[in-house]
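Q: Questions regarding the structure given below will be posed in turn.
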Amino acid sequence: MALTHVNESGEAHMVDVSAKPKVRRTAHAAGFIFLAPETVSLIRDNLVAKGDVLATARIAAIAGAKRTSDLIPLCHNISIDQVSVDLELREDGVAVEATAVCTDKTGIEMEALTAVSVACLTIYDMCKAADKTMKIGEIQLLQKTKQTL
């Protein structure tokens with residue numbers, strides 16, 4: 001399989017999508033941040049000094065998805081139709097899932113993955129004073145679809 005983000009000389013470039021039709025695209029990604037049980041309790045009881053961890057992580061994830069092309073050099077700037085973020089507080093951390101939707105010429109999986117990553121990083125930032133054992137992992141694309149209009 002040939003890499004699409006390199007030219008004949010092996011140099012990085014942005015893929016030309018100008019000839020592609022706009023289609024409806026979705027992507028669903030997930031990740032997890034492992035936390036100490038005491039940190040989970042602080043989040044559950046809304047006692048983290050920086051504020052409401054889950055609400056802040058959700059907003060940060062949406063904002064992160066919208067900035068994906070600013071962060072990933074060869075990622076196209078696409079028109080995002082929707083980003084939804086689900087956060088589930090579990091006994092060993094927070095499960096994060098994000099779904100992103102667009103009608104555009106290229107996929108939206110990087111936006112969904114960025115949303116998950118930014119949510120996990122935000123939780124880490126907000127809890128770092130209370131928990132030195134946090135670990136972010138399992139970030140993955142679960143599904144992507146495209147549907148002709």
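Residue numbering restarts at 1 for every chain of the structure tokens, chains are lettered A, B, ... in their displayed order, and ligands are numbered from 1 as they appear.
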Residues of chain A in strand (DSSP E or B) according to DSSP, as a VMD selection string?

A: chain A and resid 6 12 23 to 34 80 to 90 93 to 104 135 to 147

Q: I'd like the neighbourhood of A:Ala27 as an MDAnalysis selection string, where a residue qualifies if any of its atoms comes within 10 Å (using only C-alpha atoms), though same-chain residues fewer than 4 positions away should be ignored.

A: chainID A and resid 83 98:102 107:113 141:146

Q: Skip A:Met14 itself and residues of its chain fewer than 5 positions away, then list as an MDAnalysis selection string all residues within 8 Å of it, counting only C-alpha atoms.

A: chainID A and resid 5 74:76

Q: Would you mind listing what lies within 12 Å of A:Leu47 as a PyMOL selection string, with only C-alpha atoms counted and same-chain residues fewer than 6 positions away left out?

A: chain A and resi 38-41+53-54+126-127+130

Q: Generate the output file for the selected residues, C-alpha atoms, as a CSV table (one decimal), in the first residue's frame.

A:
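This went into part.csv:
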chain,number,residue,atom,x,y,z
A,38,GLU,CA,-9.1,8.5,45.2
A,39,THR,CA,-9.0,10.6,42.1
A,40,VAL,CA,-12.1,8.9,40.8
A,41,SER,CA,-13.8,9.9,44.0
A,53,VAL,CA,-13.4,17.7,35.4
A,54,LEU,CA,-15.9,15.9,33.1
A,126,MET,CA,-7.0,19.0,36.0
A,127,CYS,CA,-6.1,16.0,38.2
A,130,ALA,CA,-4.0,14.9,43.1

Q: Extract the full set of helix (DSSP H, G or I) residues from chain A according to DSSP on the backbone, and format it as a ChimeraX atom specification.

A: /A:37-44,53-66,68-71,109-127

Q: Find the residue from A:Val6, A:Ala65, A:Ala60, A:Ile33 that sits nearest to A:Met134; use only C-alpha atoms when measuring.

A: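 Of A:Val6, A:Ala65, A:Ala60, A:Ile33, the one nearest A:Met134 is A:Ile33, counting only C-alpha atoms.
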
Q: Between A:Lys105, A:Asn46, A:Phe34, A:Ser84, which one has atoms that come closest to A:Asp131, using only C-alpha atoms?

A: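 Checking each of A:Lys105, A:Asn46, A:Phe34, A:Ser84 against A:Asp131, counting only C-alpha atoms, the winner is A:Phe34.
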
Q: Check the smallest atom-to-atom distance from each of A:Ala12, A:Leu35, A:Ile136, A:Val23 to A:Thr148 using only C-alpha atoms, then report the winner.

A: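 Between A:Ala12, A:Leu35, A:Ile136, A:Val23, the residue approaching A:Thr148 most closely is A:Val23.
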